[in-house]
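Quick look at model-v4.cif (mmCIF, C-alpha atoms):
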```cif
data_protein
loop_
_atom_site.label_atom_id
_atom_site.label_comp_id
_atom_site.auth_asym_id
_atom_site.auth_seq_id
_atom_site.Cartn_x
_atom_site.Cartn_y
_atom_site.Cartn_z
CA MET A 1 95.82 251.92 187.79
CA ALA A 2 94.10 251.12 191.08
CA ASP A 3 92.48 254.54 191.48
CA LYS A 4 91.27 254.58 187.90
CA PHE A 5 89.59 251.18 188.02
CA ASP A 6 88.53 250.85 191.68
CA ILE A 7 84.93 251.99 191.29
CA TRP A 8 84.38 249.91 188.16
CA LEU A 9 85.85 246.76 189.72
CA ALA A 10 83.64 247.17 192.77
CA GLY A 11 80.62 247.08 190.46
CA VAL A 12 81.97 244.17 188.43
CA LEU A 13 82.27 242.06 191.55
CA ASP A 14 78.57 242.68 192.21
CA ALA A 15 76.98 239.79 190.35
CA GLY A 16 74.26 240.72 187.91
CA THR A 17 75.64 244.08 186.82
CA ASP A 18 76.65 244.76 183.22
CA PRO A 19 80.43 245.31 183.32
CA VAL A 20 80.45 247.12 179.97
CA ALA A 21 77.88 249.64 181.16
CA GLY A 22 80.16 250.22 184.14
CA LEU A 23 83.01 251.10 181.80
CA ARG A 24 80.93 253.93 180.36
CA GLN A 25 79.96 255.21 183.79
CA ALA A 26 83.57 255.13 185.00
CA ARG A 27 84.80 256.78 181.79
CA LEU A 28 87.23 253.97 181.05
CA LEU A 29 86.65 253.82 177.30
CA ASP A 30 89.22 256.41 176.19
CA PRO A 31 91.57 254.67 173.73
CA SER A 32 94.89 253.44 175.11
CA PRO A 33 98.02 254.88 173.47
CA ASP A 34 99.33 251.55 172.15
CA TYR A 35 98.95 247.77 172.29
CA GLY A 36 101.52 247.52 175.07
CA ASP A 37 99.39 249.68 177.35
CA ILE A 38 96.31 247.58 176.60
CA ALA A 39 98.28 244.41 177.30
CA ARG A 40 99.78 245.52 180.60
CA THR A 41 96.49 246.95 181.86
CA THR A 42 94.64 243.70 181.17
CA ALA A 43 97.42 241.76 182.92
CA SER A 44 97.05 243.99 185.97
CA LEU A 45 93.25 243.67 186.01
CA VAL A 46 93.37 239.88 185.84
CA GLU A 47 96.22 239.53 188.35
CA ARG A 48 94.35 241.75 190.79
CA THR A 49 90.98 240.01 190.58
CA GLY A 50 91.56 236.51 189.23
CA LEU A 51 88.84 237.21 186.64
CA LEU A 52 90.26 236.30 183.24
CA GLY A 53 87.06 237.50 181.56
CA LEU A 54 87.89 241.11 182.45
CA ALA A 55 90.52 241.02 179.70
CA SER A 56 87.83 240.91 177.02
CA VAL A 57 85.41 243.23 178.85
CA TRP A 58 87.86 246.14 178.94
CA GLY A 59 90.50 245.03 176.42
CA GLY A 60 88.05 243.84 173.75
CA PRO A 61 86.69 247.30 172.90
CA GLN A 62 90.20 248.73 173.10
CA LEU A 63 91.52 246.22 170.56
CA ALA A 64 88.52 246.49 168.25
CA GLY A 65 88.67 250.27 168.18
CA ARG A 66 92.42 250.43 167.68
CA HIS A 67 92.62 247.81 164.92
CA PHE A 68 89.40 248.12 162.94
CA LEU A 69 88.93 251.87 163.07
CA GLY A 70 92.39 252.12 161.57
CA PHE A 71 90.70 251.05 158.32
CA GLY A 72 87.89 253.57 158.72
CA THR A 73 87.23 257.01 157.36
CA GLU A 74 87.78 260.14 159.42
CA ALA A 75 84.02 260.35 159.94
CA GLN A 76 83.85 256.76 161.20
CA ARG A 77 86.73 257.29 163.59
CA ALA A 78 85.15 260.48 164.91
CA GLU A 79 81.79 258.77 165.46
CA TRP A 80 83.00 255.53 167.05
CA ARG A 81 86.23 256.43 168.84
CA GLY A 82 85.98 255.66 172.56
CA ARG A 83 82.77 253.66 172.16
CA VAL A 84 82.20 249.93 172.62
CA LEU A 85 82.66 247.99 169.41
CA ALA A 86 82.19 244.22 169.24
CA VAL A 87 83.36 242.01 166.38
CA ALA A 88 81.16 239.40 164.68
CA ILE A 89 83.02 236.96 162.45
CA SER A 90 82.26 233.47 163.79
CA GLU A 91 79.02 231.65 163.01
CA PRO A 92 77.18 228.69 164.56
CA ASN A 93 78.75 225.35 163.58
CA ALA A 94 81.31 227.12 161.38
CA GLY A 95 83.67 229.01 163.66
CA ALA A 96 85.55 231.73 161.81
CA HIS A 97 86.71 229.67 158.82
CA PRO A 98 86.20 231.83 155.72
CA LYS A 99 85.17 228.86 153.55
CA LEU A 100 82.34 227.96 155.95
CA LEU A 101 80.80 231.35 156.73
CA THR A 102 77.45 232.12 155.12
CA THR A 103 76.36 235.59 156.29
CA ARG A 104 75.96 237.72 153.15
CA VAL A 105 75.46 241.33 152.21
CA ASP A 106 73.53 242.72 149.26
CA PRO A 107 73.51 246.30 147.97
CA VAL A 108 70.25 248.24 148.25
CA PRO A 109 69.51 251.88 147.41
CA GLY A 110 71.47 254.03 149.82
CA GLY A 111 73.19 251.18 151.60
CA PHE A 112 73.34 247.43 152.21
CA ARG A 113 71.20 244.57 153.50
CA ILE A 114 72.90 241.94 155.70
CA THR A 115 71.43 238.47 156.22
CA GLY A 116 72.82 235.68 158.39
CA ARG A 117 73.72 234.54 161.89
CA LYS A 118 76.74 235.15 164.10
CA ALA A 119 77.92 233.48 167.31
CA TRP A 120 80.41 233.94 170.16
CA VAL A 121 80.26 237.72 169.85
CA THR A 122 82.12 239.04 172.90
CA ASN A 123 80.46 242.12 174.45
CA GLY A 124 77.86 242.08 171.65
CA ALA A 125 74.89 242.40 173.99
CA SER A 126 76.29 245.63 175.45
CA ALA A 127 78.10 247.11 172.45
CA ASP A 128 77.27 250.42 170.83
CA ALA A 129 77.88 248.78 167.46
CA ILE A 130 79.03 245.45 166.05
CA ILE A 131 81.55 245.08 163.23
CA VAL A 132 79.95 242.40 161.05
CA PHE A 133 81.79 240.42 158.39
CA ALA A 134 79.67 239.31 155.43
CA ILE A 135 80.20 237.78 151.99
CA ALA A 136 80.07 240.56 149.42
CA ALA A 137 81.14 238.66 146.29
CA HIS A 138 82.57 235.45 144.86
CA GLU A 139 85.70 235.58 142.72
CA ALA A 140 87.23 232.48 141.13
CA GLY A 141 85.42 230.29 143.63
CA ARG A 142 86.60 232.33 146.60
CA LYS A 143 84.39 234.30 148.97
CA ARG A 144 85.18 237.98 149.30
CA TYR A 145 84.21 239.67 152.55
CA SER A 146 83.33 243.22 153.49
CA ALA A 147 82.96 244.59 157.02
CA PHE A 148 80.20 246.87 158.29
CA ILE A 149 79.70 248.91 161.44
CA VAL A 150 76.18 247.91 162.49
CA PRO A 151 74.68 250.04 165.29
CA ARG A 152 73.25 248.00 168.15
CA ASP A 153 69.72 249.33 167.59
CA SER A 154 69.61 248.59 163.84
CA THR A 155 66.32 247.23 162.50
CA GLY A 156 66.57 243.52 161.72
CA LEU A 157 69.32 242.87 164.27
CA THR A 158 68.41 240.51 167.12
CA ILE A 159 70.83 239.63 169.92
CA ALA A 160 70.53 236.79 172.44
CA GLU A 161 72.83 235.32 175.08
CA MET A 162 75.11 232.52 173.89
CA PRO A 163 73.59 229.34 175.39
CA GLY A 164 75.66 226.79 177.28
CA PHE A 165 78.77 228.94 177.79
CA HIS A 166 79.52 229.87 181.38
CA ALA A 167 83.27 230.46 181.43
CA LEU A 168 85.20 233.73 181.45
CA ARG A 169 82.80 235.63 183.68
CA PRO A 170 81.97 238.48 183.88
CA SER A 171 82.40 238.80 180.11
CA ARG A 172 79.29 238.08 178.06
CA HIS A 173 79.05 236.34 174.71
CA CYS A 174 76.04 236.47 172.42
CA GLN A 175 74.60 235.15 169.21
CA MET A 176 73.12 237.44 166.58
CA THR A 177 70.53 237.14 163.85
CA LEU A 178 70.64 239.64 160.99
CA ASP A 179 67.30 239.33 159.24
CA GLY A 180 67.65 241.67 156.29
CA CYS A 181 69.41 244.17 158.54
CA GLU A 182 69.86 247.40 156.57
CA VAL A 183 72.73 249.85 157.05
CA THR A 184 73.72 252.98 155.17
CA ASP A 185 76.58 253.37 152.69
CA SER A 186 78.68 254.95 155.44
CA ALA A 187 78.60 251.69 157.43
CA MET A 188 81.15 249.91 155.22
CA LEU A 189 84.52 249.71 156.92
CA GLY A 190 87.59 249.68 154.68
CA ASP A 191 87.78 248.59 151.05
CA PRO A 192 85.02 246.31 149.72
CA GLY A 193 85.85 242.63 149.43
CA SER A 194 89.10 242.84 151.38
CA ALA A 195 87.95 242.62 154.99
CA TYR A 196 88.89 239.04 155.81
CA ASP A 197 92.46 239.16 154.53
CA ARG A 198 93.27 242.70 155.64
CA MET A 199 91.31 242.90 158.91
CA ALA A 200 90.23 239.52 160.29
CA MET A 201 93.42 237.52 159.78
CA PRO A 202 95.78 240.07 161.38
CA PHE A 203 93.28 240.64 164.20
CA ARG A 204 93.49 237.00 165.30
CA ASP A 205 97.21 237.40 165.93
CA ILE A 206 96.79 240.80 167.55
CA GLU A 207 94.25 239.27 169.94
CA ASP A 208 96.67 236.45 170.70
CA ALA A 209 99.64 238.79 171.20
CA VAL A 210 97.80 241.09 173.60
CA GLY A 211 95.89 238.17 175.12
CA THR A 212 99.13 236.62 176.37
CA PHE A 213 99.10 239.31 179.04
CA ALA A 214 95.68 238.24 180.27
CA THR A 215 97.10 234.75 180.62
CA LEU A 216 100.12 236.22 182.39
CA GLY A 217 97.87 238.02 184.88
CA ALA A 218 95.99 234.78 185.52
CA LEU A 219 99.19 232.81 186.14
CA ARG A 220 100.45 235.45 188.57
CA HIS A 221 97.14 235.45 190.42
CA ALA A 222 97.25 231.65 190.60
CA ILE A 223 100.72 231.71 192.12
CA GLY A 224 99.48 234.21 194.69
CA LEU A 225 96.81 231.75 195.84
CA PHE A 226 99.55 229.58 197.34
CA ALA A 227 100.76 232.36 199.67
CA GLY A 228 100.43 231.38 203.34
CA THR A 229 99.38 227.79 202.60
CA HIS A 230 101.13 224.77 204.09
CA GLY A 231 102.58 223.50 200.85
CA GLU A 232 106.27 223.28 201.67
CA ASP A 233 106.44 219.89 199.99
CA GLN A 234 105.30 221.56 196.76
CA ALA A 235 107.79 224.44 196.91
CA GLU A 236 109.99 223.02 194.18
CA ALA A 237 107.05 222.48 191.82
CA LEU A 238 105.68 225.95 192.59
CA GLY A 239 109.13 227.39 191.94
CA ALA A 240 109.09 225.83 188.48
CA ILE A 241 105.72 227.47 187.80
CA ALA A 242 107.05 230.84 188.96
CA ALA A 243 110.13 230.46 186.74
CA LEU A 244 108.09 229.49 183.69
CA THR A 245 105.79 232.45 184.32
CA ALA A 246 108.81 234.76 184.31
CA VAL A 247 109.91 233.33 180.95
CA PHE A 248 106.34 233.73 179.68
CA ALA A 249 106.32 237.39 180.75
CA ALA A 250 109.59 238.15 178.96
CA ALA A 251 108.43 236.54 175.73
CA ALA A 252 105.03 238.28 175.91
CA GLU A 253 106.78 241.66 176.27
CA THR A 254 108.87 240.92 173.19
CA VAL A 255 105.79 240.06 171.14
CA VAL A 256 103.77 243.13 172.06
CA ALA A 257 106.80 245.39 171.58
CA SER A 258 107.21 244.07 168.04
CA LEU A 259 103.50 244.65 167.47
CA ASP A 260 103.75 248.31 168.45
CA ALA A 261 106.93 248.70 166.38
CA GLY A 262 105.16 247.40 163.27
CA GLN A 263 107.51 244.42 163.07
CA PHE A 264 105.04 241.71 164.02
CA GLY A 265 104.38 239.00 161.44
CA ILE A 266 101.28 236.86 161.02
CA GLY A 267 101.96 233.41 162.38
CA ASP A 268 104.74 234.62 164.68
CA ALA A 269 106.54 231.55 166.06
CA THR A 270 106.87 233.11 169.51
CA LEU A 271 103.08 233.13 169.84
CA VAL A 272 103.04 229.40 169.18
CA GLY A 273 105.67 228.92 171.87
CA LEU A 274 103.77 231.06 174.35
CA ARG A 275 100.65 228.96 173.89
CA VAL A 276 102.60 225.72 174.41
CA LEU A 277 104.26 227.19 177.51
CA ALA A 278 100.91 228.33 178.90
CA ILE A 279 99.36 224.89 178.43
CA ASP A 280 102.30 223.27 180.21
CA THR A 281 102.20 225.77 183.08
CA VAL A 282 98.45 225.29 183.55
CA SER A 283 98.94 221.52 183.75
CA ARG A 284 101.49 222.07 186.52
CA LEU A 285 99.04 224.32 188.37
CA ARG A 286 96.34 221.69 188.06
CA ALA A 287 98.61 219.12 189.68
CA LEU A 288 99.27 221.45 192.62
CA GLN A 289 95.65 222.56 193.10
CA PRO A 290 95.05 220.54 196.32
CA ALA A 291 97.93 222.42 198.00
CA THR A 292 95.90 225.66 197.94
CA GLY A 293 93.56 224.26 200.61
CA THR A 294 90.48 226.42 201.08
CA ARG A 295 91.42 228.43 197.98
CA SER A 296 91.28 225.33 195.80
CA HIS A 297 87.90 226.28 194.33
CA ARG A 298 89.26 229.66 193.27
CA LEU A 299 92.21 228.05 191.51
CA ALA A 300 89.89 225.52 189.87
CA ALA A 301 87.73 228.34 188.45
CA LEU A 302 90.80 230.16 187.17
CA ILE A 303 92.17 227.01 185.55
CA ALA A 304 88.80 226.43 183.85
CA ASP A 305 88.97 229.95 182.39
CA LEU A 306 92.55 229.40 181.24
CA ASP A 307 91.47 226.15 179.57
CA ALA A 308 88.64 227.97 177.81
CA THR A 309 90.96 230.75 176.62
CA LEU A 310 93.62 228.35 175.36
CA SER A 311 91.02 226.33 173.42
CA VAL A 312 89.91 229.30 171.30
CA ALA A 313 91.01 228.94 167.63
CA ARG A 314 92.72 225.71 168.61
CA GLY A 315 92.73 224.39 165.04
CA PRO A 316 94.61 227.30 163.43
CA ARG A 317 97.06 227.40 166.32
CA LEU A 318 97.84 223.69 166.04
CA ALA A 319 98.25 224.11 162.29
CA ARG A 320 100.98 226.68 162.90
CA GLN A 321 102.64 224.41 165.43
CA LEU A 322 102.55 221.57 162.88
CA HIS A 323 104.07 223.87 160.26
CA LEU A 324 106.99 224.68 162.56
CA GLY A 325 107.56 220.99 163.14
CA THR A 326 107.44 220.27 159.41
CA VAL A 327 110.00 222.99 158.76
CA ALA A 328 112.29 221.47 161.40
CA LEU A 329 111.93 217.98 159.91
CA ARG A 330 113.01 219.32 156.53
CA GLY A 331 116.11 220.82 158.08
CA ALA A 332 115.08 224.31 156.97
CA LYS A 333 115.84 227.44 158.97
CA LEU A 334 113.31 228.03 161.72
CA PRO A 335 111.81 231.49 162.35
CA ALA A 336 113.78 233.64 164.78
#
```
Take the structure in this file and express it as structure tokens.
Amino acid sequence: MADKFDIWLAGVLDAGTDPVAGLRQARLLDPSPDYGDIARTTASLVERTGLLGLASVWGGPQLAGRHFLGFGTEAQRAEWRGRVLAVAISEPNAGAHPKLLTTRVDPVPGGFRITGRKAWVTNGASADAIIVFAIAAHEAGRKRYSAFIVPRDSTGLTIAEMPGFHALRPSRHCQMTLDGCEVTDSAMLGDPGSAYDRMAMPFRDIEDAVGTFATLGALRHAIGLFAGTHGEDQAEALGAIAALTAVFAAAAETVVASLDAGQFGIGDATLVGLRVLAIDTVSRLRALQPATGTRSHRLAALIADLDATLSVARGPRLARQLHLGTVALRGAKLPA
């Protein structure tokens, strides 16, 4: 991997450069063969650099292309394969909750008109196109969503940096305004009205499953920061962190293997356990931070990024954890 990514990483470490543009120049946008390859590559990138944000810079387009274009037509796959696609579901003050989203789409001659606002769009400012989720209909009081591939230069689309968010560098997050943004009929991705259930909900778990490897890379990098320090008194505590990281790695491999085998289920209990384990391991790292001496600031930055990553979609994740606990209280069989 080192030879393939060396030139790109050298540019990424130069503050002020667009890391996504560097991917194009280094020809690193060819689709990976499977989710496992995406996962292990992101782990290696983060372990090597200590930059957790690289997982979404390179891995984000890989995941978006692999998952969403699977619902596309042959023409859509031919046009957008190997290009940078961002995903716009969340909205300001609403998150990604389907009951709270307001962006809508209306049919017009020859296509559709999209109106609304989106937030926290990873890589949106540099993407070739953004996959936008919008309300297409209401049925029995329920919103039905369709998804559209909206080219970055579409009329009516305005993109701005996401204010007040400085974690996970060098990845970039933006907000979008779609002011009557018109796209052609060919922009619709998948079946109308089915996008949230069929695309968005599974994608959250796919992101989590593959994202465990970014966390793994960060934990391994953090352990490496202790090398050569005078922290003999902390050896036992650091050994616990190393052991927990090994358990984390084994479980993460199991999850991504099931994903590639088509045996992964939404709400997988192992994902809940991996998140709990990550939070516990990060707390142990935080307690040992002073032992890294002059590298303490680097560990602090990495811990801040881990905290930011583990806080994403915190509500749905805690709901799944609560469900597991409720099942256990009832004496019912827990998921394997």
**Asked** Excluding same-chain residues fewer than 3 positions from A:Ala209, what lies within 10 Å of it counting all atoms listed in the file, as an MDAnalysis selection string?
**Response** chainID A and resid 35:36 39 203:206 212:214 252:259 264 268 270:271 274
**Request:** Using the chain letters and numbering of this document, enumerate as a list of chain:residue names the residues selected by the PyMOL selection byres ((chain A and resi 293) around 12).
**Result:**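 Answer for the PyMOL selection byres ((chain A and resi 293) around 12): A:Leu225, A:Phe226, A:Ala227, A:Gly228, A:Thr229, A:His230, A:Gly231, A:Leu288, A:Gln289, A:Pro290, A:Ala291, A:Thr292, A:Thr294, A:Arg295, A:Ser296, A:His297, A:Arg298, A:Leu299, A:Ala300.
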Translate the PyMOL selection byres ((chain A and resi 41) around 9) into a concrete residue list for this structure, as a PDB file with C-alpha atoms, keeping the file's coordinate frame.
```
ATOM      1  CA  MET A   1      95.820 251.920 187.790  1.00  0.00           C
ATOM      2  CA  GLY A  36     101.520 247.520 175.070  1.00  0.00           C
ATOM      3  CA  ASP A  37      99.390 249.680 177.350  1.00  0.00           C
ATOM      4  CA  ILE A  38      96.310 247.580 176.600  1.00  0.00           C
ATOM      5  CA  ALA A  39      98.280 244.410 177.300  1.00  0.00           C
ATOM      6  CA  ARG A  40      99.780 245.520 180.600  1.00  0.00           C
ATOM      7  CA  THR A  42      94.640 243.700 181.170  1.00  0.00           C
ATOM      8  CA  ALA A  43      97.420 241.760 182.920  1.00  0.00           C
ATOM      9  CA  SER A  44      97.050 243.990 185.970  1.00  0.00           C
ATOM     10  CA  LEU A  45      93.250 243.670 186.010  1.00  0.00           C
ATOM     11  CA  VAL A  46      93.370 239.880 185.840  1.00  0.00           C
ATOM     12  CA  ALA A  55      90.520 241.020 179.700  1.00  0.00           C
ATOM     13  CA  GLY A  59      90.500 245.030 176.420  1.00  0.00           C
ATOM     14  CA  PHE A 213      99.100 239.310 179.040  1.00  0.00           C
ATOM     15  CA  ALA A 214      95.680 238.240 180.270  1.00  0.00           C
TER      16      ALA A 214
END
```
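Of the residues listed (A:Ala269, A:Ala119, A:Val327, A:Val84), A:Val84 shows the shortest atom-to-atom separation from A:Ser56; distances use all atoms listed in the file.
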**Message:** Considering only C-alpha atoms, can you say which of A:Trp80, A:Phe68, A:Ile149, A:His221 comes closest to A:Pro202?
**Reply:**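 When distances to A:Pro202 are compared using only C-alpha atoms, the smallest one comes from A:Phe68.
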**Asked** Of the residues A:Pro92, A:His323, A:Asp6, A:Val312, which is the one nearest to A:Glu207, using only C-alpha atoms?
**Response**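 Using only C-alpha atoms, A:Glu207 sits closest to A:Val312.
Put simply, atom CA of A:Ser90 is 18.6 Å away from atom CA of A:Ala319.
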**Request:** Go through the shown structure with the PyMOL selection byres ((chain A and resi 132-138) around 9) and write out the matching residues as a count of residues only.
**Result:** 35
Would you save stretch 149-160 of chain A to a file, keeping all heavy atoms, as a PDB file, in the first residue's frame?
```pdb
ATOM      1  N   ILE A 149     -28.836  11.566  -8.089  1.00  0.00           N
ATOM      2  CA  ILE A 149     -27.430  11.915  -8.303  1.00  0.00           C
ATOM      3  C   ILE A 149     -27.396  13.333  -8.859  1.00  0.00           C
ATOM      4  O   ILE A 149     -27.788  13.572 -10.012  1.00  0.00           O
ATOM      5  CB  ILE A 149     -26.749  10.933  -9.270  1.00  0.00           C
ATOM      6  CG1 ILE A 149     -26.842   9.500  -8.738  1.00  0.00           C
ATOM      7  CG2 ILE A 149     -25.288  11.324  -9.471  1.00  0.00           C
ATOM      8  CD1 ILE A 149     -26.285   8.458  -9.696  1.00  0.00           C
ATOM      9  N   VAL A 150     -26.933  14.268  -8.034  1.00  0.00           N
ATOM     10  CA  VAL A 150     -26.931  15.685  -8.404  1.00  0.00           C
ATOM     11  C   VAL A 150     -25.490  16.112  -8.709  1.00  0.00           C
ATOM     12  O   VAL A 150     -24.651  16.169  -7.812  1.00  0.00           O
ATOM     13  CB  VAL A 150     -27.498  16.549  -7.264  1.00  0.00           C
ATOM     14  CG1 VAL A 150     -27.497  18.026  -7.668  1.00  0.00           C
ATOM     15  CG2 VAL A 150     -28.907  16.084  -6.894  1.00  0.00           C
ATOM     16  N   PRO A 151     -25.173  16.393  -9.976  1.00  0.00           N
ATOM     17  CA  PRO A 151     -23.819  16.835 -10.305  1.00  0.00           C
ATOM     18  C   PRO A 151     -23.428  18.084  -9.529  1.00  0.00           C
ATOM     19  O   PRO A 151     -24.276  18.953  -9.245  1.00  0.00           O
ATOM     20  CB  PRO A 151     -23.895  17.119 -11.814  1.00  0.00           C
ATOM     21  CG  PRO A 151     -25.020  16.236 -12.284  1.00  0.00           C
ATOM     22  CD  PRO A 151     -26.018  16.232 -11.168  1.00  0.00           C
ATOM     23  N   ARG A 152     -22.169  18.178  -9.196  1.00  0.00           N
ATOM     24  CA  ARG A 152     -21.664  19.274  -8.356  1.00  0.00           C
ATOM     25  C   ARG A 152     -21.944  20.649  -8.959  1.00  0.00           C
ATOM     26  O   ARG A 152     -22.163  21.626  -8.230  1.00  0.00           O
ATOM     27  CB  ARG A 152     -20.152  19.068  -8.167  1.00  0.00           C
ATOM     28  CG  ARG A 152     -19.395  20.213  -7.494  1.00  0.00           C
ATOM     29  CD  ARG A 152     -19.816  20.381  -6.047  1.00  0.00           C
ATOM     30  NE  ARG A 152     -19.103  21.486  -5.430  1.00  0.00           N
ATOM     31  CZ  ARG A 152     -19.441  22.775  -5.583  1.00  0.00           C
ATOM     32  NH1 ARG A 152     -20.458  23.098  -6.363  1.00  0.00           N
ATOM     33  NH2 ARG A 152     -18.757  23.715  -4.968  1.00  0.00           N
ATOM     34  N   ASP A 153     -21.968  20.751 -10.276  1.00  0.00           N
ATOM     35  CA  ASP A 153     -22.148  22.055 -10.923  1.00  0.00           C
ATOM     36  C   ASP A 153     -23.606  22.331 -11.302  1.00  0.00           C
ATOM     37  O   ASP A 153     -23.882  23.223 -12.115  1.00  0.00           O
ATOM     38  CB  ASP A 153     -21.263  22.160 -12.166  1.00  0.00           C
ATOM     39  CG  ASP A 153     -21.540  21.055 -13.188  1.00  0.00           C
ATOM     40  OD1 ASP A 153     -22.387  20.186 -12.909  1.00  0.00           O
ATOM     41  OD2 ASP A 153     -20.909  21.073 -14.265  1.00  0.00           O
ATOM     42  N   SER A 154     -24.552  21.623 -10.716  1.00  0.00           N
ATOM     43  CA  SER A 154     -25.966  21.812 -11.052  1.00  0.00           C
ATOM     44  C   SER A 154     -26.443  23.213 -10.668  1.00  0.00           C
ATOM     45  O   SER A 154     -26.098  23.736  -9.600  1.00  0.00           O
ATOM     46  CB  SER A 154     -26.824  20.776 -10.326  1.00  0.00           C
ATOM     47  OG  SER A 154     -26.527  19.470 -10.764  1.00  0.00           O
ATOM     48  N   THR A 155     -27.260  23.812 -11.523  1.00  0.00           N
ATOM     49  CA  THR A 155     -27.848  25.112 -11.235  1.00  0.00           C
ATOM     50  C   THR A 155     -28.776  25.000 -10.029  1.00  0.00           C
ATOM     51  O   THR A 155     -29.580  24.072  -9.920  1.00  0.00           O
ATOM     52  CB  THR A 155     -28.643  25.620 -12.444  1.00  0.00           C
ATOM     53  OG1 THR A 155     -27.778  25.704 -13.580  1.00  0.00           O
ATOM     54  CG2 THR A 155     -29.247  26.987 -12.165  1.00  0.00           C
ATOM     55  N   GLY A 156     -28.654  25.948  -9.120  1.00  0.00           N
ATOM     56  CA  GLY A 156     -29.496  25.947  -7.917  1.00  0.00           C
ATOM     57  C   GLY A 156     -28.860  25.241  -6.733  1.00  0.00           C
ATOM     58  O   GLY A 156     -29.435  25.228  -5.637  1.00  0.00           O
ATOM     59  N   LEU A 157     -27.688  24.650  -6.928  1.00  0.00           N
ATOM     60  CA  LEU A 157     -26.973  23.986  -5.841  1.00  0.00           C
ATOM     61  C   LEU A 157     -25.859  24.893  -5.337  1.00  0.00           C
ATOM     62  O   LEU A 157     -24.976  25.292  -6.091  1.00  0.00           O
ATOM     63  CB  LEU A 157     -26.384  22.658  -6.322  1.00  0.00           C
ATOM     64  CG  LEU A 157     -25.476  21.905  -5.334  1.00  0.00           C
ATOM     65  CD1 LEU A 157     -26.253  21.499  -4.090  1.00  0.00           C
ATOM     66  CD2 LEU A 157     -24.847  20.686  -5.996  1.00  0.00           C
ATOM     67  N   THR A 158     -25.907  25.211  -4.048  1.00  0.00           N
ATOM     68  CA  THR A 158     -24.879  26.042  -3.419  1.00  0.00           C
ATOM     69  C   THR A 158     -24.252  25.261  -2.274  1.00  0.00           C
ATOM     70  O   THR A 158     -24.965  24.677  -1.456  1.00  0.00           O
ATOM     71  CB  THR A 158     -25.473  27.353  -2.871  1.00  0.00           C
ATOM     72  OG1 THR A 158     -26.147  28.040  -3.929  1.00  0.00           O
ATOM     73  CG2 THR A 158     -24.390  28.234  -2.293  1.00  0.00           C
ATOM     74  N   ILE A 159     -22.933  25.269  -2.207  1.00  0.00           N
ATOM     75  CA  ILE A 159     -22.206  24.511  -1.188  1.00  0.00           C
ATOM     76  C   ILE A 159     -21.317  25.462  -0.397  1.00  0.00           C
ATOM     77  O   ILE A 159     -20.649  26.338  -0.956  1.00  0.00           O
ATOM     78  CB  ILE A 159     -21.356  23.404  -1.830  1.00  0.00           C
ATOM     79  CG1 ILE A 159     -22.276  22.350  -2.466  1.00  0.00           C
ATOM     80  CG2 ILE A 159     -20.431  22.753  -0.814  1.00  0.00           C
ATOM     81  CD1 ILE A 159     -21.538  21.223  -3.156  1.00  0.00           C
ATOM     82  N   ALA A 160     -21.332  25.288   0.937  1.00  0.00           N
ATOM     83  CA  ALA A 160     -20.487  26.096   1.818  1.00  0.00           C
ATOM     84  C   ALA A 160     -19.896  25.199   2.901  1.00  0.00           C
ATOM     85  O   ALA A 160     -20.452  24.146   3.224  1.00  0.00           O
ATOM     86  CB  ALA A 160     -21.307  27.221   2.460  1.00  0.00           C
TER      87      ALA A 160
END
```
